[in-house]
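The next block is model_10.txt, given as compact mmCIF, C-alpha atoms and all ligand atoms.
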# COMPACT_ATOMS: atom_id res chain seq x y z
CA MET A 467 -36.57 -18.53 60.99
CA VAL A 468 -36.49 -22.31 61.14
CA ASP A 469 -39.85 -23.94 60.39
CA GLY A 470 -41.33 -27.14 58.99
CA GLU A 471 -40.05 -26.34 55.48
CA THR A 472 -36.45 -25.51 56.40
CA LYS A 473 -33.85 -27.38 54.36
CA ILE A 474 -30.84 -28.62 56.27
CA CYS A 475 -27.19 -28.57 55.21
CA GLY A 476 -24.20 -29.29 57.41
CA ILE A 477 -20.57 -30.16 57.77
CA ILE A 478 -19.32 -33.49 59.04
CA GLY A 479 -15.83 -33.72 60.45
CA ASN A 480 -13.89 -33.98 63.64
CA PRO A 481 -13.35 -31.43 64.98
CA VAL A 482 -15.87 -29.07 63.38
CA GLY A 483 -16.09 -26.54 66.19
CA HIS A 484 -13.63 -24.20 64.44
CA SER A 485 -15.24 -24.51 61.03
CA LEU A 486 -16.19 -21.23 59.39
CA SER A 487 -18.60 -22.94 56.99
CA PRO A 488 -21.71 -22.55 59.21
CA ALA A 489 -21.19 -18.77 59.57
CA MET A 490 -20.35 -18.41 55.89
CA HIS A 491 -23.34 -20.37 54.56
CA ASN A 492 -25.91 -19.13 57.03
CA ALA A 493 -24.97 -15.55 56.12
CA ALA A 494 -25.45 -16.45 52.45
CA PHE A 495 -28.85 -18.14 53.03
CA SER A 496 -30.00 -15.16 54.99
CA GLU A 497 -28.79 -12.72 52.33
CA LEU A 498 -30.89 -14.46 49.68
CA GLY A 499 -33.83 -15.08 52.01
CA LEU A 500 -33.57 -18.86 51.54
CA ASN A 501 -35.23 -21.20 54.01
CA PHE A 502 -32.02 -23.15 54.65
CA VAL A 503 -29.87 -23.73 57.68
CA TYR A 504 -26.28 -25.00 57.90
CA LEU A 505 -25.19 -26.93 60.98
CA PRO A 506 -21.97 -28.42 62.36
CA PHE A 507 -22.06 -32.21 62.83
CA PRO A 508 -19.11 -33.58 64.80
CA VAL A 509 -18.67 -37.17 63.63
CA GLN A 510 -16.04 -39.58 64.89
CA LYS A 511 -14.23 -41.86 62.46
CA GLU A 512 -16.02 -45.03 63.56
CA LYS A 513 -19.41 -43.31 63.20
CA LEU A 514 -18.95 -42.07 59.65
CA LYS A 515 -21.01 -44.79 57.98
CA GLU A 516 -23.93 -44.27 60.35
CA ALA A 517 -23.65 -40.51 59.95
CA VAL A 518 -23.92 -40.74 56.16
CA GLU A 519 -26.86 -43.15 56.46
CA GLY A 520 -28.39 -40.56 58.79
CA LEU A 521 -27.94 -37.79 56.22
CA LYS A 522 -29.78 -39.97 53.71
CA ALA A 523 -32.57 -40.90 56.09
CA LEU A 524 -33.11 -37.36 57.30
CA GLY A 525 -33.28 -35.90 53.83
CA ILE A 526 -30.38 -33.53 54.39
CA LYS A 527 -29.94 -31.28 51.35
CA GLY A 528 -26.16 -31.40 51.29
CA GLY A 529 -23.08 -30.10 52.97
CA ASN A 530 -19.38 -30.49 53.44
CA VAL A 531 -16.95 -33.09 54.59
CA THR A 532 -13.75 -32.20 56.36
CA ILE A 533 -10.85 -33.74 58.29
CA PRO A 534 -10.60 -36.71 58.77
CA HIS A 535 -13.38 -38.01 56.51
CA LYS A 536 -12.67 -36.61 53.04
CA SER A 537 -11.41 -39.88 51.59
CA GLU A 538 -13.28 -42.39 53.77
CA VAL A 539 -16.67 -40.87 52.96
CA ILE A 540 -16.42 -41.94 49.31
CA LYS A 541 -17.46 -45.51 49.98
CA TYR A 542 -20.66 -44.52 51.77
CA LEU A 543 -22.02 -42.12 49.15
CA ASP A 544 -24.40 -43.19 46.38
CA GLU A 545 -22.38 -41.53 43.64
CA VAL A 546 -19.12 -39.63 43.35
CA GLU A 547 -18.43 -37.31 40.43
CA GLU A 548 -15.39 -38.00 38.31
CA LEU A 549 -13.02 -35.30 39.56
CA ALA A 550 -13.56 -36.23 43.23
CA GLN A 551 -13.17 -39.89 42.30
CA ARG A 552 -9.88 -39.18 40.56
CA ILE A 553 -8.57 -37.00 43.37
CA GLY A 554 -9.70 -39.57 45.93
CA ALA A 555 -11.38 -36.99 48.18
CA VAL A 556 -14.84 -35.49 48.60
CA ASN A 557 -15.42 -32.18 50.36
CA THR A 558 -18.98 -31.46 49.20
CA ILE A 559 -22.15 -33.55 49.27
CA VAL A 560 -25.29 -32.78 47.31
CA ARG A 561 -28.62 -34.59 47.41
CA GLU A 562 -29.80 -35.14 43.85
CA LYS A 563 -32.97 -37.12 43.15
CA GLY A 564 -32.83 -38.66 46.59
CA LYS A 565 -29.21 -39.77 46.21
CA LEU A 566 -26.13 -38.38 47.91
CA ARG A 567 -23.45 -37.35 45.42
CA GLY A 568 -19.90 -36.42 46.35
CA PHE A 569 -17.94 -33.60 44.73
CA ASN A 570 -14.56 -32.00 45.23
CA THR A 571 -14.80 -28.22 45.19
CA ASP A 572 -11.41 -27.68 46.88
CA ALA A 573 -9.68 -28.19 43.55
CA LEU A 574 -11.98 -25.79 41.68
CA GLY A 575 -11.99 -23.27 44.54
CA PHE A 576 -8.21 -23.24 44.42
CA LYS A 577 -8.24 -22.80 40.65
CA LYS A 578 -10.65 -19.88 40.93
CA ALA A 579 -8.59 -18.16 43.65
CA LEU A 580 -5.60 -18.25 41.29
CA GLU A 581 -7.55 -17.27 38.19
CA GLU A 582 -8.91 -14.25 39.98
CA LYS A 583 -5.31 -13.03 40.32
CA ARG A 584 -4.74 -13.85 36.64
CA ILE A 585 -2.36 -16.68 37.43
CA LYS A 586 -2.12 -19.27 34.68
CA LEU A 587 -1.10 -22.79 35.59
CA GLU A 588 -0.09 -24.19 32.23
CA GLU A 589 3.60 -25.11 32.05
CA ARG A 590 4.32 -23.43 35.38
CA GLU A 591 6.91 -24.65 37.86
CA VAL A 592 4.91 -25.14 41.03
CA ILE A 593 6.16 -26.24 44.43
CA LEU A 594 3.43 -27.59 46.67
CA PHE A 595 3.99 -28.25 50.35
CA GLY A 596 1.86 -30.99 51.89
CA ALA A 597 0.39 -34.36 50.97
CA GLY A 598 -2.80 -34.51 53.05
CA GLY A 599 -6.42 -34.27 51.96
CA ALA A 600 -6.23 -30.68 50.77
CA ALA A 601 -2.86 -31.10 49.05
CA LYS A 602 -4.19 -34.11 47.12
CA ALA A 603 -6.88 -31.98 45.48
CA LEU A 604 -4.50 -29.12 44.75
CA ALA A 605 -1.79 -31.35 43.30
CA PHE A 606 -4.32 -33.02 41.02
CA GLN A 607 -5.72 -29.71 39.84
CA LEU A 608 -2.26 -28.29 39.19
CA ALA A 609 -1.16 -31.34 37.23
CA SER A 610 -4.36 -31.43 35.20
CA GLU A 611 -3.90 -27.76 34.29
CA GLY A 612 -0.45 -28.60 32.99
CA SER A 613 1.84 -27.40 35.79
CA GLN A 614 5.18 -29.03 36.58
CA VAL A 615 4.50 -30.00 40.17
CA THR A 616 6.98 -30.78 42.93
CA ILE A 617 5.40 -32.02 46.14
CA VAL A 618 7.40 -31.42 49.30
CA ASN A 619 6.26 -33.22 52.42
CA ARG A 620 7.58 -34.11 55.85
CA THR A 621 6.61 -37.75 55.25
CA LEU A 622 7.95 -38.66 51.84
CA GLU A 623 5.79 -41.78 51.46
CA ARG A 624 2.61 -39.69 51.55
CA ALA A 625 3.93 -37.42 48.80
CA GLN A 626 4.88 -40.53 46.84
CA LYS A 627 1.29 -41.78 47.06
CA VAL A 628 -0.10 -38.50 45.75
CA LYS A 629 2.43 -38.63 42.91
CA GLU A 630 1.47 -42.21 42.02
CA ASN A 631 -2.22 -41.37 41.99
CA ILE A 632 -1.69 -38.44 39.64
CA GLU A 633 0.71 -40.27 37.34
CA SER A 634 -1.69 -43.20 37.04
CA LYS A 635 -4.54 -40.92 35.95
CA LEU A 636 -2.93 -38.06 34.07
CA ASP A 637 -0.19 -37.99 31.50
CA ARG A 638 2.07 -35.91 33.78
CA GLU A 639 5.13 -36.49 35.89
CA VAL A 640 5.30 -35.25 39.43
CA GLU A 641 8.44 -34.79 41.51
CA VAL A 642 8.63 -35.35 45.23
CA LEU A 643 11.06 -34.11 47.88
CA PRO A 644 11.28 -34.66 51.62
CA LEU A 645 10.98 -31.45 53.62
CA SER A 646 14.14 -32.44 55.52
CA GLU A 647 16.28 -32.03 52.35
CA LYS A 648 16.65 -28.31 52.96
CA GLU A 649 19.18 -27.59 50.22
CA GLU A 650 17.20 -29.40 47.55
CA VAL A 651 14.05 -27.61 48.63
CA ARG A 652 15.91 -24.28 48.49
CA GLU A 653 17.10 -25.05 44.93
CA LYS A 654 13.57 -26.01 43.84
CA MET A 655 12.21 -22.80 45.31
CA LYS A 656 14.63 -20.79 43.16
CA GLU A 657 13.17 -22.35 40.00
CA ALA A 658 9.57 -22.19 41.18
CA GLU A 659 7.10 -19.61 39.87
CA ILE A 660 4.29 -20.56 42.25
CA MET A 661 4.53 -21.85 45.81
CA THR A 662 1.53 -23.18 47.73
CA ASN A 663 1.35 -24.20 51.35
CA ALA A 664 -1.19 -27.00 51.85
CA THR A 665 0.24 -28.24 55.14
CA SER A 666 -1.22 -27.28 58.48
CA VAL A 667 1.97 -25.42 59.45
CA GLY A 668 1.02 -21.85 60.33
CA MET A 669 -2.49 -22.69 61.49
CA ARG A 670 -3.08 -20.85 64.77
CA GLU A 671 0.69 -20.43 65.16
CA GLN A 672 3.32 -18.04 63.89
CA LYS A 673 5.33 -20.63 61.96
CA SER A 674 6.14 -20.96 58.30
CA ILE A 675 6.85 -24.08 56.29
CA VAL A 676 9.93 -22.35 54.77
CA PRO A 677 12.55 -19.86 55.95
CA LYS A 678 12.00 -16.37 54.53
CA ASP A 679 15.18 -16.50 52.45
CA PHE A 680 13.68 -19.35 50.35
CA LEU A 681 11.21 -16.84 48.89
CA HIS A 682 12.02 -14.50 45.99
CA PRO A 683 10.28 -11.54 44.35
CA LYS A 684 9.32 -13.46 41.20
CA LEU A 685 7.36 -16.00 43.21
CA VAL A 686 3.58 -16.22 43.55
CA VAL A 687 2.82 -17.33 47.12
CA MET A 688 -0.44 -18.91 48.16
CA ASP A 689 -1.31 -20.18 51.62
CA ILE A 690 -4.48 -22.23 52.03
CA ILE A 691 -4.51 -21.53 55.77
CA TYR A 692 -6.86 -18.73 56.86
CA THR A 693 -6.48 -18.87 60.65
CA PRO A 694 -4.95 -16.31 60.89
CA VAL A 695 -5.58 -14.58 57.56
CA ASN A 696 -2.05 -13.18 57.62
CA THR A 697 -0.03 -16.29 58.32
CA LYS A 698 3.70 -16.09 58.90
CA LEU A 699 4.20 -17.28 55.29
CA ILE A 700 2.00 -14.46 53.97
CA LYS A 701 3.96 -11.94 56.06
CA GLN A 702 7.29 -13.32 54.81
CA ALA A 703 6.02 -13.03 51.23
CA GLN A 704 5.01 -9.41 51.87
CA GLU A 705 8.45 -8.62 53.33
CA VAL A 706 10.25 -10.21 50.38
CA GLY A 707 7.93 -8.42 47.93
CA CYS A 708 6.67 -11.58 46.22
CA LYS A 709 4.95 -11.01 42.89
CA LYS A 710 1.49 -12.06 44.00
CA ILE A 711 0.26 -13.15 47.42
CA ILE A 712 -2.97 -15.06 48.05
CA ASN A 713 -4.34 -15.93 51.47
CA GLY A 714 -6.60 -18.86 52.29
CA VAL A 715 -9.87 -16.93 52.56
CA GLN A 716 -10.42 -16.82 48.79
CA MET A 717 -10.22 -20.58 48.37
CA LEU A 718 -12.51 -21.14 51.35
CA VAL A 719 -15.12 -18.82 49.88
CA TYR A 720 -14.90 -20.23 46.37
CA GLN A 721 -15.08 -23.89 47.42
CA GLY A 722 -18.09 -22.92 49.55
CA ALA A 723 -19.73 -20.93 46.76
CA LEU A 724 -19.72 -23.98 44.48
CA GLY A 725 -21.46 -26.06 47.15
CA PHE A 726 -23.98 -23.29 47.84
CA LYS A 727 -24.95 -23.17 44.17
CA ALA A 728 -25.41 -26.94 44.09
CA TRP A 729 -27.65 -27.04 47.18
CA THR A 730 -29.79 -24.01 46.49
CA GLY A 731 -29.64 -23.56 42.72
CA GLU A 732 -28.80 -19.89 43.39
CA LYS A 733 -25.61 -18.00 42.62
CA ALA A 734 -23.67 -17.66 45.85
CA PRO A 735 -23.32 -14.15 47.31
CA GLU A 736 -19.53 -14.40 47.52
CA GLU A 737 -18.97 -10.95 49.03
CA VAL A 738 -21.38 -11.69 51.86
CA MET A 739 -19.68 -15.02 52.45
CA ARG A 740 -16.22 -13.43 52.51
CA LYS A 741 -17.43 -10.79 54.95
CA ALA A 742 -18.95 -13.42 57.25
CA VAL A 743 -15.68 -15.37 57.26
CA LEU A 744 -13.58 -12.28 57.98
CA GLU A 745 -15.93 -11.22 60.77
CA GLU A 746 -15.72 -14.68 62.33
CA LEU A 747 -11.93 -14.55 62.11
CA ALA A 748 -11.78 -11.12 63.68
P1 LIG B 1 -5.48 -31.87 55.44
O1 LIG B 1 -6.60 -32.79 55.12
O2 LIG B 1 -5.94 -30.52 55.94
O3 LIG B 1 -4.50 -31.72 54.33
P2 LIG B 1 -3.79 -33.72 56.87
O4 LIG B 1 -4.22 -34.84 55.99
O5 LIG B 1 -3.67 -33.97 58.32
O6 LIG B 1 -4.76 -32.50 56.74
O7 LIG B 1 -2.41 -33.15 56.30
C1 LIG B 1 -1.64 -32.23 56.98
C2 LIG B 1 -0.38 -31.89 56.17
O8 LIG B 1 0.43 -30.99 56.93
C3 LIG B 1 0.50 -33.08 55.85
O9 LIG B 1 1.16 -32.84 54.63
C4 LIG B 1 1.48 -33.06 57.02
O10 LIG B 1 2.71 -33.70 56.79
P3 LIG B 1 2.86 -35.30 57.04
O11 LIG B 1 2.23 -35.95 55.85
O12 LIG B 1 4.30 -35.53 57.16
O13 LIG B 1 2.11 -35.58 58.32
C5 LIG B 1 1.72 -31.58 57.15
N1 LIG B 1 2.21 -31.19 58.47
C6 LIG B 1 1.50 -31.13 59.62
N2 LIG B 1 2.28 -30.71 60.65
C7 LIG B 1 3.52 -30.51 60.12
C8 LIG B 1 4.77 -30.04 60.66
N3 LIG B 1 4.89 -29.70 61.94
N4 LIG B 1 5.82 -29.94 59.81
C9 LIG B 1 5.70 -30.25 58.51
N5 LIG B 1 4.56 -30.68 57.94
C10 LIG B 1 3.47 -30.81 58.73
Can the structure in the file be given as structure tokens, please?
Ligand code: ATR
Amino acid sequence: MVDGETKICGIIGNPVGHSLSPAMHNAAFSELGLNFVYLPFPVQKEKLKEAVEGLKALGIKGGNVTIPHKSEVIKYLDEVEELAQRIGAVNTIVREKGKLRGFNTDALGFKKALEEKRIKLEEREVILFGAGGAAKALAFQLASEGSQVTIVNRTLERAQKVKENIESKLDREVEVLPLSEKEEVREKMKEAEIMTNATSVGMREQKSIVPKDFLHPKLVVMDIIYTPVNTKLIKQAQEVGCKKIINGVQMLVYQGALGFKAWTGEKAPEEVMRKAVLEELA
């Protein structure tokens, strides 16, 4: 029940109507009997500054930031922790001693989803599709764990920017390829041990970023999309018999669990969160 003591968390983005974070976090608050509520806050680009000021003024406990504000929000927060600063994107906000601090839990959520399947990233050949907000965090995490990363993107310049950011901050080289260079992408896929889709291709559509014959049984395939849970890429990977297959639900839950812990001080009930997400999706 909401009362005078209820602590408020929320997600700012545009759109936020499809976000699964409210269902996931409210289920977790309820499971632990915490007097918290998590709300969706649709915020347009030109209102971001005012929205963040509003979070400060209203004493909001924390929350998440999603498309299209993950990078922009940085300049309005009081503090940004080092990893988020280095990635150049914030997906989680926490009020600490009256100040709003930005974090990036996408990178660590991704890492945990792989670790859970006992996938090591050191010295691995990884092909990452995408160069948007999510891909930025993943590419940085992969490079900092010691993977050999190739970023493939429709717009090469965006991939180039992600590469430059990583190379300026880490002692690693990153390769880039345009998605249109089909034969080069095919060759790269043959060498790759891990493939991750961080584009929006496959979201609410039966499309895959690669043809099925680019996949091979020795490949680990991870899709960060979770709408639907079984994307076309995940189905292709199942048909090819790829070594390990990871859908986007795990990363969603783990990035959320890290935020939950920061807002409440309690260990997140991950199973309850996963169940809430799957129920929402069904
Ligand atoms: P997010 O923050 O979720 O990563 P985004 O910044 O809009 O969202 O990035 C979306 C990613 O999906 C980008 O890599 C985008 O490619 P471009 O940089 O060329 O725009 C990719 N993407 C979206 N639609 C695509 C499509 N139809 N084909 C290939 N790539 C696509």
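If only C-alpha atoms and all ligand atoms are the atoms counted, then among A:Gly731, A:Gly599, A:Gly568, A:Gly470 the closest residue to ligand LIG 1 (chain B) is A:Gly599.
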Lys565 in chain A: which residues within 9 Å, counting all atoms listed in the file, same-chain residues fewer than 5 positions away excluded, as a short mmCIF file (atom, residue, chain, number, x, y, z; two decimals) with C-alpha atoms, in the frame of the given file?
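Saved file result-v7.cif follows:
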data_model
loop_
_atom_site.label_atom_id
_atom_site.label_comp_id
_atom_site.auth_asym_id
_atom_site.auth_seq_id
_atom_site.Cartn_x
_atom_site.Cartn_y
_atom_site.Cartn_z
CA LYS A 522 -29.78 -39.97 53.71
CA LEU A 543 -22.02 -42.12 49.15
CA ASP A 544 -24.40 -43.19 46.38
CA GLU A 545 -22.38 -41.53 43.64
CA VAL A 560 -25.29 -32.78 47.31
#
Task: Residue nearest Gly612 in chain A - candidates A:Ile632, A:Leu587, A:Ile711, A:Ala600, atoms counted: all atoms listed in the file - done: A:Leu587
Task: Nearby residues, ligand LIG 1 (chain B), 7 Å, all atoms listed in the file, as a ChimeraX atom specification - done: /A:533-534,595-601,619-621,624,664-667,675
TODO: Could you give me, as a ChimeraX atom specification, the residues within 12 Å of Ala748 in chain A, counting all atoms listed in the file and dropping anything in the same chain fewer than 6 positions from it?
DONE: /A:486,692-696,741-742
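For the residues A:Asn501, A:Asn570, A:Thr558, A:Thr697, ranking by smallest atom-to-atom distance to Leu604 in chain A using all atoms listed in the file places A:Asn570 first.
Comparing the minimum interatomic distances between Tyr542 in chain A and each of A:Val518, A:Arg561, A:Val509, A:Gly529, counting all atoms listed in the file, we find that A:Val518 sits nearest.
Of note, CA of Lys473 in chain A and CA of Leu724 in chain A are spaced 17.6 Å apart.
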- [ ] For range 489-499 of chain A, list every protein, DNA or RNA residue within 10 Å, evaluated using all atoms listed in the file, and leave out those in the same chain fewer than 5 positions away; present the list as number ranges by chain.
- [x] A: 467, 475-476, 504-505, 529, 718-719, 722-723, 725-726, 730, 732-746
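Close contacts of Gln704 in chain A, defined as residues with an atom at most 12 Å away when counting all atoms listed in the file, with chain neighbours fewer than 3 positions off set aside, comprise Lys678, Leu681, His682, Pro683, Leu685, Val686, Val687, Met688, Asn696, Thr697, Lys698, Leu699, Ile700, Lys701, Gly707, Cys708, Lys709, Lys710, Ile711, Ile712 and Asn713 of chain A.
Each of A:Arg652, A:Lys583, A:Lys684, A:His535 was compared to Gln510 in chain A using all atoms listed in the file, and A:His535 turns out to be the nearest.
Here CA of Val468 in chain A and CA of Lys527 in chain A stand 14.8 Å from one another.
When CA of Val539 in chain A is paired with CA of Ile477 in chain A, their separation reads 12.4 Å.
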I want to know what sits within 6 Å of Thr571 in chain A, based on only C-alpha atoms, with residues of the same chain fewer than 3 positions away left out; could you give that as a JSON list (two decimals) with C-alpha atoms, keeping the file's coordinate frame?
[["chain", "number", "residue", "atom", "x", "y", "z"],
["A", 574, "LEU", "CA", -11.98, -25.79, 41.68],
["A", 575, "GLY", "CA", -11.99, -23.27, 44.54],
["A", 721, "GLN", "CA", -15.08, -23.89, 47.42]]
Task: Shortest interatomic distance to Pro677 in chain A - which of A:Lys656, A:Arg552, A:Lys648, A:Lys577, counting all atoms listed in the file - done: A:Lys648
From the structure just shown, export range 631-665 of chain A with N, CA and C atoms as a compact mmCIF listing (two decimals), in the first residue's frame.
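As a result, result-v1.txt now contains:
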# COMPACT_ATOMS: atom_id res chain seq x y z
N ASN A 631 36.28 5.71 -28.35
CA ASN A 631 36.10 5.88 -26.91
C ASN A 631 36.85 4.80 -26.13
N ILE A 632 36.68 3.55 -26.58
CA ILE A 632 37.33 2.44 -25.87
C ILE A 632 38.85 2.55 -25.98
N GLU A 633 39.33 2.80 -27.18
CA GLU A 633 40.78 2.83 -27.39
C GLU A 633 41.44 4.00 -26.65
N SER A 634 40.66 5.06 -26.39
CA SER A 634 41.25 6.18 -25.66
C SER A 634 41.30 5.91 -24.16
N LYS A 635 40.52 4.92 -23.70
CA LYS A 635 40.46 4.69 -22.25
C LYS A 635 41.05 3.36 -21.82
N LEU A 636 41.12 2.41 -22.73
CA LEU A 636 41.66 1.10 -22.38
C LEU A 636 42.79 0.77 -23.34
N ASP A 637 43.71 -0.05 -22.88
CA ASP A 637 44.81 -0.43 -23.75
C ASP A 637 44.39 -1.62 -24.62
N ARG A 638 43.38 -1.40 -25.48
CA ARG A 638 42.85 -2.47 -26.32
C ARG A 638 42.54 -1.91 -27.69
N GLU A 639 42.66 -2.78 -28.69
CA GLU A 639 42.23 -2.35 -30.03
C GLU A 639 40.90 -2.97 -30.36
N VAL A 640 40.09 -2.20 -31.04
CA VAL A 640 38.76 -2.67 -31.42
C VAL A 640 38.65 -2.57 -32.94
N GLU A 641 38.06 -3.61 -33.55
CA GLU A 641 37.84 -3.54 -35.00
C GLU A 641 36.41 -3.12 -35.28
N VAL A 642 36.20 -2.52 -36.43
CA VAL A 642 34.83 -2.16 -36.82
C VAL A 642 34.57 -2.63 -38.25
N LEU A 643 33.32 -2.97 -38.51
CA LEU A 643 32.91 -3.39 -39.86
C LEU A 643 31.52 -2.85 -40.13
N PRO A 644 31.28 -2.41 -41.37
CA PRO A 644 29.90 -2.03 -41.70
C PRO A 644 29.06 -3.27 -41.96
N LEU A 645 27.84 -3.25 -41.51
CA LEU A 645 26.93 -4.40 -41.68
C LEU A 645 26.75 -4.76 -43.16
N SER A 646 26.88 -3.76 -44.02
CA SER A 646 26.68 -3.98 -45.46
C SER A 646 27.78 -4.85 -46.10
N GLU A 647 28.94 -4.96 -45.43
CA GLU A 647 30.03 -5.79 -45.98
C GLU A 647 29.79 -7.25 -45.60
N LYS A 648 28.80 -7.83 -46.24
CA LYS A 648 28.33 -9.17 -45.88
C LYS A 648 29.44 -10.22 -45.81
N GLU A 649 30.31 -10.24 -46.83
CA GLU A 649 31.33 -11.29 -46.87
C GLU A 649 32.35 -11.14 -45.74
N GLU A 650 32.70 -9.90 -45.44
CA GLU A 650 33.64 -9.67 -44.32
C GLU A 650 33.00 -10.06 -42.99
N VAL A 651 31.71 -9.74 -42.87
CA VAL A 651 31.01 -10.10 -41.63
C VAL A 651 30.95 -11.62 -41.51
N ARG A 652 30.66 -12.30 -42.63
CA ARG A 652 30.61 -13.76 -42.63
C ARG A 652 31.95 -14.35 -42.17
N GLU A 653 33.05 -13.81 -42.71
CA GLU A 653 34.39 -14.29 -42.35
C GLU A 653 34.65 -14.09 -40.86
N LYS A 654 34.29 -12.91 -40.36
CA LYS A 654 34.49 -12.60 -38.93
C LYS A 654 33.69 -13.56 -38.04
N MET A 655 32.48 -13.87 -38.50
CA MET A 655 31.63 -14.78 -37.73
C MET A 655 32.27 -16.16 -37.62
N LYS A 656 32.98 -16.57 -38.66
CA LYS A 656 33.63 -17.89 -38.63
C LYS A 656 34.67 -17.95 -37.52
N GLU A 657 35.40 -16.83 -37.33
CA GLU A 657 36.45 -16.79 -36.30
C GLU A 657 35.88 -16.56 -34.90
N ALA A 658 34.68 -15.99 -34.85
CA ALA A 658 34.15 -15.56 -33.56
C ALA A 658 33.77 -16.72 -32.64
N GLU A 659 33.99 -16.50 -31.34
CA GLU A 659 33.57 -17.50 -30.34
C GLU A 659 32.28 -17.06 -29.66
N ILE A 660 32.08 -15.74 -29.63
CA ILE A 660 30.87 -15.19 -29.00
C ILE A 660 30.28 -14.14 -29.94
N MET A 661 28.95 -14.20 -30.12
CA MET A 661 28.28 -13.19 -30.93
C MET A 661 27.17 -12.57 -30.09
N THR A 662 27.11 -11.25 -30.06
CA THR A 662 26.05 -10.58 -29.30
C THR A 662 25.29 -9.61 -30.18
N ASN A 663 23.98 -9.68 -30.13
CA ASN A 663 23.17 -8.69 -30.83
C ASN A 663 22.77 -7.59 -29.85
N ALA A 664 23.26 -6.38 -30.10
CA ALA A 664 22.85 -5.23 -29.28
C ALA A 664 22.20 -4.17 -30.18
N THR A 665 21.69 -4.62 -31.32
CA THR A 665 20.88 -3.71 -32.15
C THR A 665 19.42 -3.92 -31.76
